[in-house]
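K.L.:
For reference, the structure I am asking about is given below.
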Amino acid sequence: MKVIAAYLLAVLGGNTCPSAADLKKILGSVGAEADEDRIDLLLTQVKGKDITELIAAGREKLASVPSGGGAVAVSAPAGGGAAAPAAEEKKEEKKVEEKEESDDDMGFSLFD
């Protein structure tokens, strides 16, 4: 990821075709180790391609990846599945109330 980030920084800086030396210089400026194999692999994969087209193609691929959320079906536990969340909510409310009460027990106020 750091090699890709260095490549993108070089492109954003105006260098449309960064070299391995450019990427090593960027990585070295932040104290990151430059892995020559990864740099060479990245440069061979992006050689002759426009970065905006690569990003657009990557976004299309990511759009088809399921991201969780409402698509996952969760089965309720047998025997009172709705009662368990209600009990958890009551516990959370009690914890909040205890914190408020503990402030009153101190016996003094900052504004007295």
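Residues are referred to by chain and number: the chain letter is A, B, ... according to the order shown in the structure tokens, the number counts from 1 in that chain, and ligands are numbered separately from 1 in the order shown.
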Step one, run DSSP on the backbone; step two, keep only residues of stretch 3-83 of chain A assigned to alpha helix (DSSP H); then write them as a PyMOL selection string.

P.N.:
chain A and resi 3-12+20-29+36-46+51-63+83

K.L.:
For those residues, write C-alpha atoms to a file as a short mmCIF file (atom, residue, chain, number, x, y, z; two decimals), in the first residue's frame.

P.N.:
```cif
data_model
loop_
_atom_site.label_atom_id
_atom_site.label_comp_id
_atom_site.auth_asym_id
_atom_site.auth_seq_id
_atom_site.Cartn_x
_atom_site.Cartn_y
_atom_site.Cartn_z
CA VAL A 3 4.25 1.92 -2.71
CA ILE A 4 0.87 2.67 -4.27
CA ALA A 5 0.50 5.72 -2.04
CA ALA A 6 3.94 6.95 -3.08
CA TYR A 7 3.03 6.44 -6.75
CA LEU A 8 -0.21 8.39 -6.32
CA LEU A 9 1.61 11.20 -4.49
CA ALA A 10 4.10 11.44 -7.34
CA VAL A 11 1.29 11.61 -9.90
CA LEU A 12 -0.57 14.22 -7.85
CA ALA A 20 11.46 3.63 -9.20
CA ALA A 21 13.90 6.28 -7.99
CA ASP A 22 11.05 8.76 -7.56
CA LEU A 23 9.09 6.29 -5.45
CA LYS A 24 12.15 5.43 -3.35
CA LYS A 25 12.77 9.13 -2.75
CA ILE A 26 9.16 9.66 -1.58
CA LEU A 27 9.24 6.59 0.67
CA GLY A 28 12.63 7.57 2.07
CA SER A 29 11.40 11.06 2.90
CA GLU A 36 12.21 -2.95 -4.88
CA ASP A 37 10.19 -6.01 -5.90
CA ARG A 38 6.90 -4.29 -5.10
CA ILE A 39 7.99 -1.09 -6.81
CA ASP A 40 8.96 -2.98 -9.96
CA LEU A 41 5.70 -4.95 -9.91
CA LEU A 42 3.62 -1.77 -9.59
CA LEU A 43 5.52 0.05 -12.30
CA THR A 44 5.14 -2.85 -14.74
CA GLN A 45 1.40 -3.06 -14.05
CA VAL A 46 0.73 0.66 -14.55
CA ILE A 51 -4.07 6.72 -13.47
CA THR A 52 -7.60 8.14 -13.66
CA GLU A 53 -8.68 5.21 -15.83
CA LEU A 54 -7.10 2.77 -13.36
CA ILE A 55 -8.92 4.38 -10.44
CA ALA A 56 -12.23 4.32 -12.35
CA ALA A 57 -11.76 0.62 -13.18
CA GLY A 58 -10.96 -0.10 -9.53
CA ARG A 59 -14.11 1.69 -8.38
CA GLU A 60 -16.21 -0.41 -10.73
CA LYS A 61 -14.67 -3.58 -9.30
CA LEU A 62 -15.25 -2.42 -5.72
CA ALA A 63 -18.87 -1.57 -6.48
CA ALA A 83 -36.46 -9.69 24.87
#
```

K.L.:
Quick check, in Å to one decimal: how far apart do atom CA of A:Lys2 and atom CA of A:Gly68 lie?

P.N.:
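Answer for the atom CA of A:Lys2 to atom CA of A:Gly68 separation: 26.7 Å.
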